[in-house]
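Chemist: Just protein-v9.txt, nothing more (compact mmCIF, C-alpha atoms):
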```txt
# COMPACT_ATOMS: atom_id res chain seq x y z
CA MET A 148 54.68 -9.14 49.38
CA THR A 149 52.30 -6.80 47.58
CA ALA A 150 48.71 -7.74 46.76
CA PHE A 151 49.66 -8.01 43.10
CA ALA A 152 52.67 -10.22 43.78
CA ALA A 153 50.47 -12.48 45.90
CA LEU A 154 48.33 -13.25 42.85
CA HIS A 155 51.31 -14.96 41.19
CA VAL A 156 50.99 -18.52 42.43
CA PRO A 157 52.88 -21.29 40.61
CA GLY A 158 50.38 -23.95 39.67
CA SER A 159 47.43 -21.61 40.16
CA PRO A 160 48.30 -18.86 37.69
CA LEU A 161 46.89 -15.39 37.48
CA LEU A 162 44.98 -15.00 34.22
CA LEU A 163 45.73 -11.44 33.15
CA PRO A 164 43.42 -9.87 30.54
CA ASN A 165 45.13 -7.08 28.61
CA VAL A 166 43.26 -3.90 27.72
CA TRP A 167 43.82 -0.85 25.55
CA GLU A 168 41.22 1.67 26.76
CA PHE A 169 39.20 2.56 29.84
CA GLY A 170 35.80 1.10 28.92
CA THR A 171 37.10 -2.40 28.29
CA ALA A 172 39.06 -2.30 31.55
CA ALA A 173 36.08 -1.04 33.55
CA PHE A 174 33.88 -3.78 32.06
CA LEU A 175 36.36 -6.52 32.98
CA ALA A 176 36.94 -5.11 36.46
CA ALA A 177 33.18 -5.12 37.01
CA GLN A 178 33.15 -8.84 36.15
CA GLY A 179 35.50 -9.46 39.07
CA PHE A 180 38.89 -9.85 37.43
CA PRO A 181 41.35 -8.91 40.19
CA ALA A 182 44.09 -7.61 37.89
CA LEU A 183 44.41 -6.21 34.39
CA GLY A 184 47.34 -5.46 32.14
CA THR A 185 47.67 -3.12 29.21
CA THR A 186 48.71 -4.21 25.72
CA SER A 187 51.25 -2.08 23.91
CA LEU A 188 49.88 -3.14 20.51
CA GLY A 189 46.33 -2.13 21.46
CA VAL A 190 47.34 1.17 23.03
CA SER A 191 49.61 2.02 20.09
CA ALA A 192 46.96 1.07 17.52
CA ALA A 193 44.34 3.15 19.32
CA GLU A 194 46.70 6.12 19.07
CA GLY A 195 47.74 5.45 15.47
CA GLU A 196 51.34 4.88 16.51
CA PRO A 197 53.80 2.04 15.83
CA ASP A 198 53.72 -0.70 18.45
CA GLY A 199 55.73 0.25 21.51
CA ALA A 200 57.21 3.35 19.90
CA PRO A 201 58.34 6.21 22.17
CA SER A 202 55.51 8.25 20.64
CA SER A 203 53.03 5.99 22.47
CA LYS A 204 54.54 6.69 25.89
CA ASP A 205 52.23 9.59 26.79
CA ALA A 206 49.13 7.61 25.81
CA THR A 207 50.34 4.68 27.90
CA VAL A 208 50.82 6.87 30.95
CA ARG A 209 47.46 8.62 30.51
CA LEU A 210 45.68 5.28 30.27
CA ALA A 211 47.54 3.93 33.30
CA ARG A 212 46.42 6.91 35.39
CA ARG A 213 42.80 6.37 34.36
CA LEU A 214 42.90 2.64 35.04
CA ALA A 215 44.41 3.09 38.48
CA CYS A 216 41.02 4.27 39.80
CA LEU A 217 39.38 0.93 38.98
CA ASP A 218 38.74 -1.86 41.46
CA ALA A 219 41.52 -3.96 39.95
CA LEU A 220 45.29 -4.07 40.17
CA ILE A 221 46.96 -2.66 37.07
CA SER A 222 50.13 -3.75 35.29
CA VAL A 223 51.38 -1.53 32.47
CA ASP A 224 53.17 -2.75 29.36
CA LEU A 225 56.06 -0.33 28.88
CA ALA A 226 57.64 -2.09 25.88
CA ASP A 227 61.37 -1.41 26.34
CA GLY A 228 60.70 1.43 28.78
CA PHE A 229 60.50 3.94 25.90
CA SER A 230 64.15 4.79 26.49
CA ASP A 231 67.65 3.32 26.52
CA ASP A 232 68.49 5.46 29.56
CA PRO A 233 67.98 3.43 32.77
CA GLY A 234 67.48 6.66 34.72
CA GLU A 235 64.55 7.66 32.50
CA VAL A 236 63.03 4.19 32.84
CA GLY A 237 63.41 4.40 36.61
CA ALA A 238 61.73 7.81 36.69
CA LEU A 239 58.84 6.47 34.61
CA ALA A 240 58.46 3.51 36.98
CA ALA A 241 58.30 5.90 39.92
CA GLU A 242 55.70 8.06 38.17
CA LEU A 243 53.47 5.04 37.55
CA ALA A 244 53.89 3.70 41.07
CA GLU A 245 52.89 7.09 42.47
CA ALA A 246 49.80 6.99 40.23
CA GLY A 247 48.74 3.69 41.83
CA VAL A 248 49.97 1.17 39.26
CA ALA A 249 50.86 -2.25 40.70
CA GLY A 250 53.28 -3.55 38.09
CA ILE A 251 55.07 -2.99 34.80
CA ASN A 252 56.42 -5.07 31.92
CA LEU A 253 59.84 -4.31 30.50
CA GLU A 254 60.99 -6.16 27.37
CA ASP A 255 64.55 -6.70 26.18
CA ALA A 256 63.71 -6.95 22.44
CA LEU A 257 66.73 -9.27 22.31
CA GLY A 258 69.01 -6.31 22.89
CA ASP A 259 72.00 -6.12 25.22
CA PRO A 260 70.99 -7.98 28.41
CA ALA A 261 73.28 -5.75 30.47
CA ARG A 262 71.31 -2.70 29.39
CA HIS A 263 68.08 -4.45 30.31
CA THR A 264 69.38 -5.43 33.75
CA ALA A 265 70.28 -1.77 34.29
CA LYS A 266 66.72 -0.71 33.42
CA ILE A 267 65.26 -3.31 35.80
CA ALA A 268 67.58 -2.24 38.61
CA ALA A 269 66.68 1.41 38.06
CA ALA A 270 62.96 0.64 38.11
CA LYS A 271 63.27 -1.25 41.40
CA GLU A 272 65.45 1.47 42.89
CA HIS A 273 62.96 4.20 42.04
CA ALA A 274 59.82 2.15 42.77
CA PRO A 275 60.64 -0.74 45.14
CA GLY A 276 57.00 -1.79 45.56
CA LEU A 277 56.32 -2.06 41.83
CA PHE A 278 56.14 -5.60 40.42
CA VAL A 279 58.66 -5.62 37.58
CA ASN A 280 57.93 -8.34 35.03
CA ALA A 281 61.06 -8.77 32.92
CA ARG A 282 60.34 -9.98 29.42
CA THR A 283 62.88 -11.68 27.20
CA ASP A 284 62.09 -12.07 23.52
CA THR A 285 64.11 -15.19 22.77
CA HIS A 286 60.99 -17.06 21.67
CA TRP A 287 59.14 -14.06 20.20
CA LEU A 288 61.72 -12.32 18.04
CA GLY A 289 64.65 -14.71 17.82
CA LYS A 290 65.42 -18.36 17.23
CA PRO A 291 63.83 -20.12 20.22
CA ASP A 292 66.50 -21.28 22.65
CA ILE A 293 65.55 -22.24 26.18
CA GLY A 294 69.13 -21.99 27.43
CA THR A 295 69.36 -18.36 26.35
CA ALA A 296 65.92 -17.65 27.81
CA ILE A 297 66.99 -19.11 31.15
CA ASP A 298 70.28 -17.21 31.18
CA ARG A 299 68.61 -13.89 30.42
CA SER A 300 65.82 -14.55 32.91
CA LEU A 301 68.28 -15.36 35.69
CA SER A 302 70.24 -12.18 35.07
CA TYR A 303 67.03 -10.15 35.20
CA VAL A 304 65.95 -11.76 38.47
CA ASP A 305 69.40 -11.05 39.89
CA ALA A 306 68.88 -7.39 38.91
CA GLY A 307 65.67 -7.26 40.95
CA ALA A 308 62.90 -8.45 38.61
CA ASP A 309 59.94 -9.88 40.48
CA GLY A 310 58.94 -12.20 37.63
CA VAL A 311 59.98 -13.18 34.12
CA PHE A 312 57.95 -13.26 30.91
CA VAL A 313 58.87 -15.39 27.89
CA PRO A 314 56.19 -14.85 25.23
CA GLY A 315 56.13 -17.53 22.55
CA LEU A 316 57.40 -20.28 24.85
CA ALA A 317 55.02 -23.24 24.73
CA GLU A 318 56.94 -26.52 24.65
CA PRO A 319 56.09 -28.24 27.97
CA VAL A 320 59.57 -29.59 28.65
CA ASP A 321 61.08 -26.12 28.12
CA VAL A 322 58.43 -24.43 30.25
CA GLU A 323 59.20 -26.87 33.05
CA ARG A 324 62.95 -26.21 32.71
CA LEU A 325 62.41 -22.45 32.91
CA VAL A 326 60.14 -22.67 35.95
CA LYS A 327 62.62 -24.87 37.83
CA ALA A 328 65.68 -22.84 36.88
CA VAL A 329 64.45 -19.31 37.51
CA GLY A 330 62.95 -19.59 40.98
CA ALA A 331 60.71 -16.58 40.38
CA PRO A 332 57.15 -16.32 39.04
CA VAL A 333 57.04 -17.27 35.36
CA ASN A 334 54.63 -15.50 33.02
CA LEU A 335 53.72 -16.95 29.64
CA LEU A 336 51.55 -15.70 26.82
CA PHE A 337 48.35 -17.56 26.01
CA LEU A 338 48.79 -19.02 22.52
CA PRO A 339 45.50 -20.38 21.11
CA GLY A 340 45.86 -23.98 20.00
CA LYS A 341 49.29 -24.34 21.58
CA VAL A 342 48.71 -24.03 25.33
CA THR A 343 45.86 -24.24 27.82
CA VAL A 344 45.46 -22.62 31.20
CA GLU A 345 45.23 -26.05 32.82
CA GLY A 346 48.33 -27.29 31.04
CA LEU A 347 50.45 -24.26 31.97
CA ALA A 348 49.22 -24.46 35.56
CA GLY A 349 50.39 -28.05 35.73
CA LEU A 350 53.87 -26.92 34.66
CA GLY A 351 54.12 -24.39 37.49
CA VAL A 352 53.44 -21.19 35.55
CA ALA A 353 52.37 -18.32 37.83
CA ARG A 354 50.81 -15.89 35.33
CA ILE A 355 49.17 -16.19 31.92
CA SER A 356 48.80 -13.03 29.88
CA LEU A 357 46.39 -12.61 26.99
CA GLY A 358 48.52 -9.92 25.35
CA SER A 359 46.99 -8.37 22.25
CA LEU A 360 44.49 -11.23 21.80
CA PRO A 361 41.48 -9.37 23.30
CA TYR A 362 42.20 -6.34 21.10
CA ARG A 363 42.52 -8.47 17.97
CA MET A 364 39.36 -10.39 18.88
CA ALA A 365 37.56 -7.06 19.30
CA LEU A 366 38.59 -6.15 15.75
CA ALA A 367 37.27 -9.47 14.48
CA ALA A 368 33.99 -9.05 16.40
CA THR A 369 33.58 -5.54 15.00
CA LEU A 370 33.99 -6.78 11.46
CA ARG A 371 31.59 -9.69 11.98
CA THR A 372 29.03 -7.33 13.50
CA VAL A 373 29.18 -4.92 10.57
CA GLU A 374 29.00 -7.79 8.09
CA ALA A 375 26.01 -9.33 9.91
CA VAL A 376 24.11 -6.03 9.78
CA ARG A 377 24.99 -5.53 6.10
CA ASP A 378 23.98 -9.07 5.17
CA GLY A 379 20.86 -9.33 7.34
CA GLY A 380 22.39 -11.98 9.59
CA GLU A 381 22.35 -12.46 13.35
CA LEU A 382 24.79 -10.56 15.53
CA PRO A 383 27.79 -12.74 16.46
CA LEU A 384 27.54 -11.86 20.17
CA ILE A 385 25.05 -10.40 22.63
CA PRO A 386 26.50 -7.04 23.67
CA PRO A 387 26.03 -5.26 26.99
CA SER A 388 23.43 -2.51 26.80
CA TYR A 389 24.18 1.18 26.36
CA ALA A 390 23.08 1.75 29.95
CA ASP A 391 25.34 -1.02 31.24
CA VAL A 392 28.37 0.57 29.61
CA ALA A 393 27.43 4.10 30.63
CA ALA A 394 27.15 2.93 34.23
CA LEU A 395 30.82 1.90 34.16
CA LEU A 396 32.04 5.41 33.36
CA PRO A 397 33.05 8.08 35.87
CA GLU A 398 30.50 10.64 36.99
CA PRO A 399 30.67 14.02 35.19
CA HIS A 400 32.77 16.60 36.99
```
Translate the structure described by the file into structure tokens.
Modeler:
Amino acid sequence: MTAFAALHVPGSPLLLPNVWEFGTAAFLAAQGFPALGTTSLGVSAAEGEPDGAPSSKDATVRLARRLACLDALISVDLADGFSDDPGEVGALAAELAEAGVAGINLEDALGDPARHTAKIAAAKEHAPGLFVNARTDTHWLGKPDIGTAIDRSLSYVDAGADGVFVPGLAEPVDVERLVKAVGAPVNLLFLPGKVTVEGLAGLGVARISLGSLPYRMALAATLRTVEAVRDGGELPLIPPSYADVAALLPEPH
């Protein structure tokens, strides 16, 4: 078991903050978070690209290489692998593993599950030590159906996935069914007002991702800050100092 896999404990879930650039990741790592993920929406938005589009692949890889030097384990959101070719997805997994990445997310976008199982198998073949988190979008893009989510998740685990991710799933009875049926670490997305960390822990969830929430909150905080300055109000948060942030950055070459 890898160090990253060991953090996935049913009932005591890994809380995984998701980041979109180096400074945010370095700041969170300095606060002691043992693992960080990337968010495809944040990375794509920072590059001015559509979410998860193949055109964001290079930016995703560049960021992953930078983050791998931090004192935190890194999982990279690869959307659908940026390719329908399992061989290309496997090669990308190997490239990231060689760079020091601990895990990846691969999403099925409700496409052909056989194609997704082939991508998962290729990733594990090319990078056996990489934690492959297989995402199914039954509850994110389609009509929520726990039976379909379980069936897809089981096929992905059979293909070699180390964990399964069902964003949008929140109903306690369905979460419990998934956890019991799959027999592998279950990852859910934190949904404000719908789930709590304590509640998901009690259902046996092993990982809770924040997804694009930190990025979207950063946008909201930016707007509130600008409005507060414009209107003569108080800043909404107390920021770290310039020196604190500068200290997180690599030394000049």
Chemist: Quick check, in Å to one decimal: how far apart do atom CA of A:Ser159 and atom CA of A:Ala348 lie?
Modeler: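 These two atoms are separated by 5.7 Å.
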Chemist: With all atoms listed in the file as the atoms that count, which of A:Gly258, A:Pro157, A:Pro233, A:Gly346 lies nearest to A:Lys327?
Modeler: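 Once distances to A:Lys327 are computed over all atoms listed in the file, the minimum belongs to A:Pro157.
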Chemist: Counting only C-alpha atoms, figure out which residue out of A:Leu162, A:Leu395, A:Pro260, A:Leu154 gets nearest to A:Thr343.
Modeler: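 Of A:Leu162, A:Leu395, A:Pro260, A:Leu154, the one nearest A:Thr343, counting only C-alpha atoms, is A:Leu162.
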Chemist: Give me the residues near A:Trp167 as a VMD selection string, where near means some atom within 12 Å (using only C-alpha atoms) and where sequence neighbours in that chain fewer than 3 positions away do not count.
Modeler: chain A and resid 164 170 to 173 175 183 to 194 203 206 to 211 213 to 214 222 to 224 358 to 363 365
Chemist: Can you work out which one of A:Glu323, A:Asp305, A:Glu235, A:Glu254 has the shortest atom-to-atom distance to A:Ala281, counting only C-alpha atoms?
Modeler: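 Using only C-alpha atoms, the shortest distance to A:Ala281 belongs to A:Glu254.
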Chemist: Contacts of stretch 236-245 of chain A at 9 Å or less, counting all atoms listed in the file, minus same-chain residues fewer than 4 places along, as a VMD selection string?
Modeler: chain A and resid 208 211 to 212 223 227 to 232 249 to 251 266 to 277
Chemist: Keeping only C-alpha atoms, write those residues as an mmCIF file, keeping the file's coordinate frame.
Modeler:
```
data_model
loop_
_atom_site.group_PDB
_atom_site.id
_atom_site.type_symbol
_atom_site.label_atom_id
_atom_site.label_comp_id
_atom_site.auth_asym_id
_atom_site.auth_seq_id
_atom_site.Cartn_x
_atom_site.Cartn_y
_atom_site.Cartn_z
ATOM 1 C CA VAL A 208 50.820 6.870 30.950
ATOM 2 C CA ALA A 211 47.540 3.930 33.300
ATOM 3 C CA ARG A 212 46.420 6.910 35.390
ATOM 4 C CA VAL A 223 51.380 -1.530 32.470
ATOM 5 C CA ASP A 227 61.370 -1.410 26.340
ATOM 6 C CA GLY A 228 60.700 1.430 28.780
ATOM 7 C CA PHE A 229 60.500 3.940 25.900
ATOM 8 C CA SER A 230 64.150 4.790 26.490
ATOM 9 C CA ASP A 231 67.650 3.320 26.520
ATOM 10 C CA ASP A 232 68.490 5.460 29.560
ATOM 11 C CA ALA A 249 50.860 -2.250 40.700
ATOM 12 C CA GLY A 250 53.280 -3.550 38.090
ATOM 13 C CA ILE A 251 55.070 -2.990 34.800
ATOM 14 C CA LYS A 266 66.720 -0.710 33.420
ATOM 15 C CA ILE A 267 65.260 -3.310 35.800
ATOM 16 C CA ALA A 268 67.580 -2.240 38.610
ATOM 17 C CA ALA A 269 66.680 1.410 38.060
ATOM 18 C CA ALA A 270 62.960 0.640 38.110
ATOM 19 C CA LYS A 271 63.270 -1.250 41.400
ATOM 20 C CA GLU A 272 65.450 1.470 42.890
ATOM 21 C CA HIS A 273 62.960 4.200 42.040
ATOM 22 C CA ALA A 274 59.820 2.150 42.770
ATOM 23 C CA PRO A 275 60.640 -0.740 45.140
ATOM 24 C CA GLY A 276 57.000 -1.790 45.560
ATOM 25 C CA LEU A 277 56.320 -2.060 41.830
#
```
Chemist: Determine the nearest neighbour of A:Phe174 from the options A:Asp218, A:Asp298, A:Asp309, A:Glu345, counting all atoms listed in the file.
Modeler: A:Asp218
Chemist: What does the structure give for the distance between atom CA of A:Thr372 and atom CA of A:Glu196, in Å to one decimal?
Modeler: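 Atom-to-atom, atom CA of A:Thr372 and atom CA of A:Glu196 are spaced 25.6 Å apart.
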Chemist: For atom CA of A:Trp287 and atom CA of A:Val304, quote the distance in Å rounded to one decimal.
Modeler: 19.6 Å
Chemist: Take the point (50.8, -17.4, 21.7) as written in the file and pick out every residue within 9 Å of it, counting only C-alpha atoms; give the list as a ChimeraX atom specification.
Modeler: /A:314-317,335-342,357-358,360
Chemist: Skipping near chain neighbours, those fewer than 3 positions away, what residues fall within 12 Å of A:Asp259 using only C-alpha atoms, listed as an MDAnalysis selection string?
Modeler: chainID A and resid 227 231 254:256 262:266 283:284 299 302:303
